[in-house]
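Novice: I am sharing start25.cif, which consists of mmCIF, C-alpha atoms and all ligand atoms:
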```
data_coords
#
loop_
_atom_site.label_atom_id
_atom_site.label_comp_id
_atom_site.auth_asym_id
_atom_site.auth_seq_id
_atom_site.Cartn_x
_atom_site.Cartn_y
_atom_site.Cartn_z
CA MET A 1 73.15 51.56 32.12
CA ARG A 2 71.14 54.79 32.30
CA MET A 3 72.32 57.94 34.04
CA TYR A 4 68.73 58.56 35.16
CA ASP A 5 68.81 55.35 37.23
CA LEU A 6 72.20 56.19 38.75
CA ILE A 7 71.00 59.63 39.83
CA LYS A 8 67.93 58.05 41.45
CA LYS A 9 70.01 55.34 43.10
CA LYS A 10 72.26 57.93 44.74
CA ARG A 11 69.36 60.24 45.55
CA THR A 12 67.73 57.42 47.52
CA GLY A 13 70.92 56.77 49.47
CA GLN A 14 72.17 53.62 47.77
CA GLU A 15 75.78 52.74 47.03
CA LEU A 16 76.88 52.74 43.37
CA THR A 17 79.01 49.89 42.05
CA THR A 18 82.51 50.39 40.64
CA ALA A 19 81.15 49.87 37.13
CA GLU A 20 78.48 52.51 37.69
CA ILE A 21 81.01 55.09 38.90
CA ASN A 22 83.28 54.29 35.94
CA TYR A 23 80.29 54.74 33.63
CA ILE A 24 79.63 58.25 34.97
CA ILE A 25 83.24 59.40 34.80
CA ASP A 26 84.04 57.81 31.41
CA ASN A 27 80.94 59.19 29.76
CA TYR A 28 81.25 62.62 31.30
CA THR A 29 84.89 62.87 30.18
CA ASN A 30 83.88 61.83 26.65
CA ASP A 31 81.09 64.42 26.55
CA THR A 32 78.38 61.78 26.23
CA LEU A 33 76.65 62.74 29.48
CA PRO A 34 75.10 66.20 29.75
CA ASP A 35 76.09 68.64 32.49
CA TYR A 36 72.57 68.69 33.95
CA GLN A 37 72.53 64.96 34.68
CA VAL A 38 76.01 64.96 36.23
CA ALA A 39 75.09 68.09 38.22
CA ALA A 40 72.02 66.30 39.59
CA TRP A 41 74.19 63.34 40.57
CA LEU A 42 76.72 65.64 42.28
CA MET A 43 73.93 67.25 44.27
CA ALA A 44 72.66 63.80 45.30
CA VAL A 45 76.23 63.00 46.46
CA CYS A 46 76.22 66.18 48.56
CA PHE A 47 73.06 65.02 50.35
CA GLN A 48 73.72 61.28 50.56
CA GLY A 49 77.54 61.10 50.65
CA LEU A 50 79.85 58.47 49.19
CA SER A 51 81.06 55.37 51.00
CA PRO A 52 84.84 54.90 51.38
CA ARG A 53 84.69 52.34 48.56
CA GLU A 54 82.81 54.70 46.28
CA THR A 55 85.26 57.52 47.09
CA ALA A 56 88.20 55.28 46.20
CA ASP A 57 86.48 54.18 42.97
CA LEU A 58 85.72 57.78 42.01
CA THR A 59 89.35 58.72 42.71
CA MET A 60 90.69 55.95 40.47
CA ALA A 61 88.14 56.63 37.72
CA MET A 62 89.24 60.29 37.60
CA ALA A 63 92.96 59.47 37.96
CA THR A 64 92.79 57.16 34.94
CA SER A 65 90.60 59.47 32.83
CA GLY A 66 93.62 60.88 30.98
CA GLU A 67 97.38 60.58 30.88
CA MET A 68 99.09 58.87 33.83
CA LEU A 69 102.60 60.11 34.45
CA ASP A 70 105.12 57.28 34.37
CA LEU A 71 107.96 57.94 36.81
CA SER A 72 109.39 54.41 36.63
CA ALA A 73 112.57 55.75 34.97
CA LEU A 74 113.46 57.36 38.29
CA PRO A 75 115.05 55.25 41.01
CA GLY A 76 113.50 54.89 44.44
CA PRO A 77 110.10 55.68 45.91
CA LYS A 78 108.16 58.67 44.51
CA VAL A 79 106.64 60.86 47.20
CA ASP A 80 104.38 63.81 46.51
CA LYS A 81 102.92 66.50 48.73
CA HIS A 82 99.70 68.44 48.39
CA SER A 83 98.40 71.44 50.27
CA THR A 84 94.70 72.27 50.34
CA GLY A 85 95.76 75.91 49.96
CA GLY A 86 96.24 78.92 52.13
CA VAL A 87 97.51 82.48 52.27
CA GLY A 88 101.28 82.99 52.09
CA ASP A 89 101.80 79.27 51.53
CA LYS A 90 105.21 79.14 49.88
CA THR A 91 105.97 75.72 51.40
CA THR A 92 106.71 73.95 48.10
CA LEU A 93 109.50 76.42 47.27
CA VAL A 94 111.34 75.32 50.41
CA LEU A 95 110.14 71.75 50.80
CA ALA A 96 110.79 70.52 47.24
CA PRO A 97 114.55 71.35 47.24
CA LEU A 98 114.87 70.22 50.86
CA VAL A 99 113.44 66.77 50.15
CA ALA A 100 115.33 66.48 46.84
CA ALA A 101 118.55 67.31 48.72
CA ALA A 102 117.77 64.30 50.94
CA GLY A 103 117.92 62.11 47.83
CA VAL A 104 114.20 61.67 47.15
CA PRO A 105 113.04 62.60 43.63
CA VAL A 106 110.55 65.49 43.73
CA ALA A 107 108.42 65.45 40.57
CA LYS A 108 106.06 68.28 41.39
CA MET A 109 103.07 69.40 39.41
CA SER A 110 101.64 72.52 40.94
CA GLY A 111 98.73 74.88 40.41
CA ARG A 112 98.29 78.57 39.72
CA SER A 113 96.54 80.97 42.03
CA LEU A 114 92.81 81.54 41.93
CA GLY A 115 90.82 83.40 44.56
CA HIS A 116 92.46 84.40 47.83
CA THR A 117 95.10 81.64 47.83
CA GLY A 118 98.33 81.80 45.87
CA GLY A 119 99.79 79.17 43.57
CA THR A 120 103.34 77.82 43.51
CA ILE A 121 103.60 78.20 39.76
CA ASP A 122 102.94 81.97 39.86
CA LYS A 123 105.55 82.35 42.58
CA LEU A 124 108.16 80.55 40.47
CA ALA A 125 107.10 82.47 37.37
CA SER A 126 108.08 85.68 39.18
CA ILE A 127 111.72 84.60 38.69
CA SER A 128 112.80 86.00 35.34
CA GLY A 129 113.10 83.28 32.67
CA PHE A 130 111.73 80.43 34.83
CA LYS A 131 109.94 77.95 32.52
CA VAL A 132 106.87 76.50 34.23
CA SER A 133 106.13 74.06 31.40
CA LEU A 134 108.37 71.17 30.42
CA ASN A 135 107.44 68.34 28.10
CA GLN A 136 107.43 64.85 29.58
CA ASP A 137 110.92 63.98 28.29
CA GLU A 138 112.41 67.21 29.63
CA PHE A 139 110.64 66.67 32.94
CA ILE A 140 112.02 63.14 33.38
CA ARG A 141 115.51 64.11 32.14
CA GLN A 142 115.71 66.97 34.61
CA LEU A 143 114.62 64.64 37.41
CA GLN A 144 117.31 62.15 36.41
CA ASN A 145 119.91 64.94 36.44
CA ILE A 146 119.05 66.92 39.56
CA ASN A 147 116.26 64.99 41.32
CA ILE A 148 113.80 67.89 41.17
CA ALA A 149 111.37 69.51 38.72
CA VAL A 150 108.43 71.80 39.46
CA VAL A 151 106.00 72.44 36.61
CA ALA A 152 102.44 73.60 36.01
CA GLN A 153 99.88 70.86 36.07
CA THR A 154 98.57 70.11 32.60
CA GLY A 155 94.97 69.48 31.55
CA GLU A 156 95.97 66.04 30.26
CA LEU A 157 96.26 64.74 33.82
CA ALA A 158 92.89 63.76 35.34
CA PRO A 159 90.77 65.65 32.76
CA ALA A 160 87.62 64.26 34.42
CA ASP A 161 88.48 66.18 37.56
CA LYS A 162 89.02 69.38 35.59
CA LYS A 163 85.60 69.08 33.99
CA LEU A 164 83.85 67.95 37.14
CA TYR A 165 85.47 70.70 39.22
CA ALA A 166 84.18 73.38 36.84
CA LEU A 167 80.70 71.89 37.11
CA ARG A 168 80.92 71.71 40.91
CA ASP A 169 82.04 75.31 41.00
CA ALA A 170 78.91 76.35 39.11
CA THR A 171 76.46 74.16 41.06
CA ALA A 172 77.44 74.76 44.72
CA THR A 173 78.83 71.24 45.06
CA VAL A 174 82.50 72.03 45.76
CA ASP A 175 82.47 71.81 49.55
CA ASN A 176 81.72 68.12 49.92
CA ILE A 177 84.41 66.04 51.61
CA PRO A 178 84.34 62.86 49.44
CA LEU A 179 84.30 65.03 46.29
CA ILE A 180 87.20 67.21 47.50
CA SER A 181 89.10 64.13 48.59
CA SER A 182 88.70 62.29 45.27
CA SER A 183 89.52 65.45 43.32
CA ILE A 184 92.81 66.02 45.14
CA MET A 185 93.84 62.39 45.33
CA SER A 186 93.06 61.67 41.66
CA LYS A 187 95.56 64.33 40.55
CA LYS A 188 98.27 62.99 42.85
CA ILE A 189 97.74 59.43 41.56
CA ALA A 190 97.76 60.60 37.93
CA ALA A 191 101.03 62.45 38.62
CA GLY A 192 102.71 59.18 39.59
CA ALA A 193 102.84 59.42 43.39
CA GLU A 194 103.45 56.19 45.28
CA SER A 195 103.33 57.94 48.66
CA ILE A 196 101.51 61.14 49.48
CA VAL A 197 101.88 63.67 52.30
CA LEU A 198 98.89 65.99 52.60
CA ASP A 199 98.84 69.40 54.23
CA VAL A 200 95.22 70.03 55.20
CA LYS A 201 94.90 73.66 56.22
CA VAL A 202 92.40 74.69 58.86
CA GLY A 203 91.30 78.17 59.83
CA ASN A 204 89.84 81.38 58.47
CA GLY A 205 92.21 81.41 55.48
CA ALA A 206 91.47 77.82 54.44
CA PHE A 207 88.84 75.71 52.73
CA MET A 208 88.21 73.94 56.03
CA ARG A 209 87.19 76.51 58.62
CA ASN A 210 87.02 74.27 61.67
CA ILE A 211 89.14 71.45 63.05
CA GLU A 212 86.31 68.86 62.93
CA ASP A 213 85.88 69.26 59.14
CA ALA A 214 89.65 69.36 58.59
CA LEU A 215 90.10 66.10 60.52
CA ILE A 216 87.32 64.41 58.53
CA LEU A 217 88.85 65.56 55.21
CA ALA A 218 92.30 64.43 56.33
CA ARG A 219 90.97 61.04 57.46
CA THR A 220 88.96 60.59 54.23
CA MET A 221 92.03 61.31 52.06
CA VAL A 222 94.29 59.03 54.11
CA ASP A 223 91.73 56.21 53.95
CA THR A 224 91.22 56.74 50.21
CA GLY A 225 94.98 56.72 49.53
CA THR A 226 95.43 53.63 51.66
CA LYS A 227 92.56 51.81 49.93
CA ILE A 228 94.19 52.37 46.55
CA GLY A 229 97.60 51.25 47.67
CA ARG A 230 99.37 54.57 48.33
CA HIS A 231 101.13 55.31 51.64
CA THR A 232 99.31 58.43 52.75
CA VAL A 233 99.80 60.72 55.74
CA ALA A 234 97.99 64.00 56.42
CA LEU A 235 99.07 66.87 58.61
CA VAL A 236 96.35 69.28 59.71
CA THR A 237 98.02 72.68 59.96
CA GLY A 238 96.97 76.16 61.08
CA MET A 239 95.71 78.81 58.67
CA ASN A 240 94.23 81.36 61.08
CA GLN A 241 96.94 83.75 59.87
CA PRO A 242 99.15 83.79 56.77
CA LEU A 243 102.09 81.39 56.76
CA GLY A 244 105.26 83.39 57.34
CA PHE A 245 105.03 87.15 56.78
CA ALA A 246 105.01 87.58 53.00
CA VAL A 247 101.94 87.33 50.76
CA GLY A 248 102.49 87.89 47.03
CA ASN A 249 104.59 86.13 44.44
CA ALA A 250 108.07 87.71 44.37
CA LEU A 251 107.79 88.65 48.05
CA GLU A 252 107.15 84.99 48.88
CA VAL A 253 110.11 83.86 46.79
CA VAL A 254 112.34 86.18 48.86
CA GLU A 255 110.94 84.66 52.07
CA ALA A 256 111.39 81.11 50.76
CA ILE A 257 115.03 81.83 49.87
CA ALA A 258 115.60 83.26 53.36
CA THR A 259 114.11 80.06 54.79
CA LEU A 260 116.45 77.95 52.66
CA LYS A 261 119.29 80.04 54.13
CA GLY A 262 118.06 79.18 57.65
CA GLN A 263 116.69 82.69 58.21
CA GLY A 264 112.99 82.09 57.57
CA PRO A 265 109.94 82.64 59.77
CA PRO A 266 109.64 79.96 62.48
CA ASP A 267 106.17 78.74 61.40
CA LEU A 268 107.25 78.23 57.79
CA GLN A 269 110.46 76.45 58.78
CA ALA A 270 108.64 74.20 61.26
CA LEU A 271 106.00 73.26 58.69
CA CYS A 272 108.56 72.46 55.99
CA LEU A 273 110.60 70.32 58.37
CA GLU A 274 107.51 68.40 59.50
CA LEU A 275 106.10 67.79 56.01
CA GLY A 276 109.56 66.92 54.70
CA ALA A 277 110.24 64.61 57.65
CA TRP A 278 107.14 62.59 56.75
CA MET A 279 108.04 62.58 53.04
CA ILE A 280 111.51 61.17 53.62
CA THR A 281 110.11 58.71 56.17
CA LEU A 282 107.61 57.37 53.61
CA ALA A 283 110.46 57.22 51.07
CA GLY A 284 112.49 55.08 53.49
CA VAL A 285 115.43 57.53 53.82
CA VAL A 286 114.92 57.63 57.60
CA SER A 287 112.96 55.32 59.84
CA ASN A 288 110.77 57.91 61.57
CA PRO A 289 109.82 61.59 61.32
CA GLU A 290 111.93 62.56 64.36
CA GLN A 291 115.05 61.41 62.52
CA GLY A 292 113.67 63.07 59.41
CA ARG A 293 113.43 66.48 61.06
CA ILE A 294 117.03 66.26 62.29
CA HIS A 295 118.28 65.13 58.88
CA LEU A 296 116.46 67.92 57.02
CA LYS A 297 117.58 70.58 59.49
CA THR A 298 121.17 69.58 58.68
CA LEU A 299 120.45 70.03 54.95
CA LEU A 300 119.10 73.52 55.66
CA ASP A 301 122.07 74.41 57.86
CA ASN A 302 124.78 73.10 55.53
CA GLY A 303 123.37 74.86 52.44
CA GLU A 304 122.51 71.67 50.51
CA ALA A 305 118.80 72.57 50.23
CA LEU A 306 119.65 76.06 48.96
CA LYS A 307 122.06 74.53 46.42
CA LYS A 308 119.23 72.30 45.19
CA PHE A 309 116.94 75.31 44.78
CA LYS A 310 119.65 77.01 42.72
CA ALA A 311 119.93 73.87 40.55
CA LEU A 312 116.15 73.88 40.04
CA VAL A 313 116.01 77.55 39.01
CA THR A 314 118.99 77.14 36.67
CA ALA A 315 117.67 73.94 35.08
CA GLN A 316 114.32 75.57 34.31
CA GLY A 317 115.95 78.62 32.73
CA GLY A 318 115.41 81.03 35.63
CA ASP A 319 117.73 83.75 36.89
CA ALA A 320 119.57 82.04 39.77
CA GLY A 321 121.11 85.43 40.58
CA VAL A 322 117.97 86.16 42.60
CA ILE A 323 119.25 83.83 45.30
CA ASP A 324 122.15 86.07 46.30
CA ASN A 325 120.49 89.21 45.02
CA PRO A 326 116.74 89.24 45.73
CA GLN A 327 116.49 92.80 44.27
CA ARG A 328 116.67 91.10 40.86
CA LEU A 329 113.10 89.89 41.43
CA PRO A 330 110.29 92.20 40.28
CA GLN A 331 110.11 95.26 42.55
CA ALA A 332 107.00 97.30 43.27
CA LYS A 333 107.20 101.00 42.43
CA PHE A 334 104.90 101.95 45.30
CA LYS A 335 104.93 100.93 48.96
CA ALA A 336 102.79 102.00 51.91
CA LEU A 337 102.93 101.28 55.61
CA VAL A 338 99.75 100.34 57.45
CA PRO A 339 100.09 101.74 60.98
CA ALA A 340 98.14 100.37 63.94
CA THR A 341 95.40 102.63 65.24
CA ALA A 342 95.31 101.03 68.70
CA LYS A 343 97.74 99.50 71.15
CA GLY A 344 97.53 96.04 72.62
CA TYR A 345 97.98 92.54 71.26
CA VAL A 346 97.01 90.99 67.93
CA GLN A 347 94.19 88.61 68.81
CA ALA A 348 92.99 87.56 65.37
CA ILE A 349 93.67 88.16 61.67
CA LEU A 350 91.06 87.72 58.91
CA THR A 351 93.34 85.60 56.78
CA ASP A 352 91.21 85.18 53.66
CA GLU A 353 90.75 88.95 53.55
CA VAL A 354 94.55 89.43 53.80
CA GLY A 355 94.80 87.18 50.73
CA LEU A 356 92.11 89.21 48.97
CA VAL A 357 93.90 92.49 49.75
CA ALA A 358 97.12 91.09 48.25
CA MET A 359 95.10 90.01 45.23
CA TYR A 360 93.53 93.46 44.94
CA LEU A 361 97.02 94.97 44.93
CA GLY A 362 97.77 92.78 41.90
CA ALA A 363 99.17 89.55 43.40
CA GLY A 364 96.40 87.21 42.26
CA ARG A 365 93.69 86.59 39.72
CA ALA A 366 89.95 87.01 40.10
CA THR A 367 89.47 85.15 36.80
CA LYS A 368 91.79 82.77 34.97
CA GLU A 369 92.50 85.45 32.35
CA ASP A 370 93.73 88.14 34.79
CA ARG A 371 97.39 89.14 34.64
CA ILE A 372 99.45 89.03 37.80
CA ASP A 373 101.71 91.82 39.09
CA TYR A 374 104.52 89.64 40.44
CA ALA A 375 105.87 92.44 42.64
CA ALA A 376 102.55 93.12 44.35
CA GLY A 377 101.49 91.91 47.78
CA LEU A 378 102.20 92.66 51.39
CA ILE A 379 104.45 91.87 54.30
CA LEU A 380 102.96 91.52 57.75
CA HIS A 381 104.99 92.92 60.62
CA LYS A 382 102.74 91.53 63.32
CA LYS A 383 101.06 88.16 63.83
CA ILE A 384 98.71 86.67 66.41
CA GLY A 385 100.01 87.16 69.97
CA ASP A 386 102.37 90.02 69.05
CA GLN A 387 102.32 93.31 70.94
CA VAL A 388 101.29 96.35 68.92
CA THR A 389 101.95 100.05 69.51
CA ASN A 390 99.63 102.76 68.22
CA GLY A 391 101.15 104.27 65.04
CA LYS A 392 103.68 101.46 64.49
CA PRO A 393 103.32 99.40 61.29
CA LEU A 394 101.20 96.27 61.12
CA ALA A 395 102.11 95.66 57.49
CA THR A 396 103.74 97.09 54.35
CA LEU A 397 101.82 97.03 51.08
CA TYR A 398 103.53 96.70 47.67
CA THR A 399 101.99 97.49 44.28
CA ASN A 400 102.45 99.04 40.86
CA SER A 401 98.89 100.43 40.99
CA PRO A 402 99.15 103.32 43.48
CA GLU A 403 95.48 104.23 43.17
CA LYS A 404 94.70 101.00 45.01
CA LEU A 405 96.69 101.85 48.13
CA PRO A 406 94.11 103.91 50.12
CA LEU A 407 91.42 101.21 49.98
CA ALA A 408 93.96 98.41 50.48
CA LYS A 409 95.27 100.14 53.64
CA GLU A 410 91.76 100.51 55.00
CA ARG A 411 90.90 96.89 54.26
CA LEU A 412 94.15 95.52 55.68
CA LEU A 413 93.73 97.48 58.90
CA LYS A 414 90.30 95.89 59.37
CA THR A 415 91.76 92.38 59.11
CA PHE A 416 93.49 92.86 62.50
CA THR A 417 91.68 92.46 65.81
CA ILE A 418 93.71 94.21 68.50
CA GLY A 419 92.77 93.93 72.18
CA ASN A 420 94.23 94.30 75.66
CA GLN A 421 94.36 90.60 76.38
CA GLN A 422 97.48 88.76 75.29
CA VAL A 423 96.61 85.57 73.40
CA PRO A 424 98.97 82.63 72.78
CA THR A 425 100.78 82.38 69.46
CA GLU A 426 99.17 80.05 66.90
CA LYS A 427 100.27 76.42 66.76
CA ILE A 428 101.24 75.37 63.24
CA ILE A 429 100.91 71.57 63.44
CA ARG A 430 97.45 70.67 64.76
CA ALA A 431 97.26 66.93 64.06
CA VAL A 432 98.96 64.13 62.18
CA ILE A 433 96.70 61.50 60.61
CA THR A 434 98.25 58.24 59.53
CA LYS A 435 96.55 55.10 58.29
CA ASP A 436 96.41 53.68 61.81
CA ASP A 437 95.92 56.59 64.15
CA ILE A 438 95.83 60.34 64.80
N1 LIG B 501 91.23 71.38 45.60
C1 LIG B 501 91.05 70.47 44.62
O1 LIG B 501 91.97 70.14 43.88
N2 LIG B 501 89.83 69.91 44.48
C2 LIG B 501 88.79 70.23 45.26
O2 LIG B 501 87.71 69.69 45.10
C3 LIG B 501 88.99 71.20 46.27
C4 LIG B 501 90.23 71.76 46.42
#
```
Could the structure of this file be written out as structure tokens, please?

Specialist:
Amino acid sequence: MRMYDLIKKKRTGQELTTAEINYIIDNYTNDTLPDYQVAAWLMAVCFQGLSPRETADLTMAMATSGEMLDLSALPGPKVDKHSTGGVGDKTTLVLAPLVAAAGVPVAKMSGRSLGHTGGTIDKLASISGFKVSLNQDEFIRQLQNINIAVVAQTGELAPADKKLYALRDATATVDNIPLISSSIMSKKIAAGAESIVLDVKVGNGAFMRNIEDALILARTMVDTGTKIGRHTVALVTGMNQPLGFAVGNALEVVEAIATLKGQGPPDLQALCLELGAWMITLAGVVSNPEQGRIHLKTLLDNGEALKKFKALVTAQGGDAGVIDNPQRLPQAKFKALVPATAKGYVQAILTDEVGLVAMYLGAGRATKEDRIDYAAGLILHKKIGDQVTNGKPLATLYTNSPEKLPLAKERLLKTFTIGNQQVPTEKIIRAVITKDDI
């Protein structure tokens, strides 16, 4: 087989065989194919697409390119969840303990933040002492003991995806639906998931800016998962404003704890109940998501989900005192209010820019090497549809770098569109895609 021929075959719109896709992924992972040939192939994929069969083959080739996590020591079905990423998305902090409290093992491998979206691992790392790396034995033992573990994803899982993603990032080939789909799904398969619930974000803070693209990505991932024998469901959910009010690591942990105490923002609670309801449905704990929502709401109300979060923090060496005493989390030395300069109603929020302002204040990384200020970020006081009074705060900014506050205030103010017309509040759940229907 010659890579030259495979590039040409794809460039001229033909379907590659399973063996040909395996050849590309195996040889790229082993460093026997040069970047320029694989980059040319990726560009051909962007123009010609991949068939559902090719997408499934690419997913499996990447999933099996490194270590595959073996969760067979754990009883019952293994369900994982993945979000395509958004601003203020602290869902995993609430959802993982909630689903574990329902008796389903949650073996979660999560990412760090990069760009305008945050990462679960950085949020957890804002809790003093919390260990984000466990070896495989520790990971499984913890799951056997308390049914939940949340760790940083390692490079040993799906190394082909890691390498290919870096190449895509440098060659303008990231935003291609079959490539995104196989990238995400390969990591879930390598992490041992038997069933997968996907949260595909749509809006101006998400990868997918419009509902049409989000539905196609959701459908492609559900079809890919189904083709390779995994029960897969995708929710398409709103990201035209941050999820909840808090953006920034420690600030988001505080909001997640409030949600586990039943005092969280309505959009975050609704999203966690919906994603969780599907997870425990796929795991067979309940027979449909309606029952799932009711069951999980009980676990929020009776404190079982919060207890599970405490068990998680304690097991991974973190300071569980933060649960009753959120002031024990890193605190910013400097705060500033951002007052509205007009009255009316919030009509739109530039969500990706809100994420970038939080990052500028210290909450995220522009490069992998950057250090995070765990206390930095912002809290919104107004969201879409809310009434605003001139001079009253739209947001509070938090940082340990006070010189950044003037520009951050100016930028944050510009993220809000305020007008006389009242607009409806944003819907969080936009669509549910299952293997059979929408
Ligand atoms: N997230 C991933 O993991 N992979 C992609 O290709 C895009 C988003």

Novice: Report as a PyMOL selection string which protein, DNA and RNA residues come within 7 Å of ligand LIG 501 (chain B), using all atoms listed in the file.

Specialist: chain A and resi 84+165+174+179-181+183-184

Novice: For the selection you just gave me, I'd like the residues written to a file as a PDB file, in the coordinates of the input, keeping C-alpha atoms.

Specialist:
```pdb
ATOM      1  CA  THR A  84      94.700  72.270  50.340  1.00  0.00           C
ATOM      2  CA  TYR A 165      85.470  70.700  39.220  1.00  0.00           C
ATOM      3  CA  VAL A 174      82.500  72.030  45.760  1.00  0.00           C
ATOM      4  CA  LEU A 179      84.300  65.030  46.290  1.00  0.00           C
ATOM      5  CA  ILE A 180      87.200  67.210  47.500  1.00  0.00           C
ATOM      6  CA  SER A 181      89.100  64.130  48.590  1.00  0.00           C
ATOM      7  CA  SER A 183      89.520  65.450  43.320  1.00  0.00           C
ATOM      8  CA  ILE A 184      92.810  66.020  45.140  1.00  0.00           C
TER       9      ILE A 184
END
```

Novice: Which one of A:Asp199, A:Glu255, A:Val38, A:Ala61 sits closest to Pro326 (chain A) if you count all atoms listed in the file?

Specialist: A:Glu255

Novice: At a cut-off of 12 Å, can you tabulate as a tab-separated table every residue of region 161-208 of chain A near region 14-32 of chain A together with its closest atom pair and the distance in Å to one decimal, using all atoms listed in the file and ordering rows by chain then number?

Specialist:
```
residue	atom	partner	partner_atom	distance
A:Asp161	CA	A:Thr29	CA	8.8
A:Lys162	CA	A:Thr29	CA	9.4
A:Lys163	CA	A:Thr29	CA	7.3
A:Leu164	CA	A:Tyr28	CA	8.3
A:Tyr165	CA	A:Thr29	CA	12.0
A:Leu167	CA	A:Tyr28	CA	11.0
```

Novice: In Å, how far is it from CA of Ala246 (chain A) to CA of Ile379 (chain A)?

Specialist: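 Separating CA of Ala246 (chain A) from CA of Ile379 (chain A) is a distance of 4.5 Å.
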
Novice: Compare A:Tyr4, A:His82, A:Met185, A:Thr117 by their minimum atom-to-atom distance to Ala366 (chain A), counting all atoms listed in the file, and give me the closest one.

Specialist: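 Looking only at the distances to Ala366 (chain A), the closest residue turns out to be A:Thr117.
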
Novice: Smallest atom-to-atom distance to Val432 (chain A): which of A:Leu268, A:Val197, A:Met239, A:Ala375, using all atoms listed in the file?

Specialist: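 Once distances to Val432 (chain A) are computed over all atoms listed in the file, the minimum belongs to A:Val197.
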
Novice: Please, which residues are within 10 Å of (104.3, 69.2, 56.2) by the file's coordinates, counting all atoms listed in the file, and could they come as an MDAnalysis selection string?

Specialist: chainID A and resid 81:83 91:92 95 197:200 233:237 268:279 428:429 432
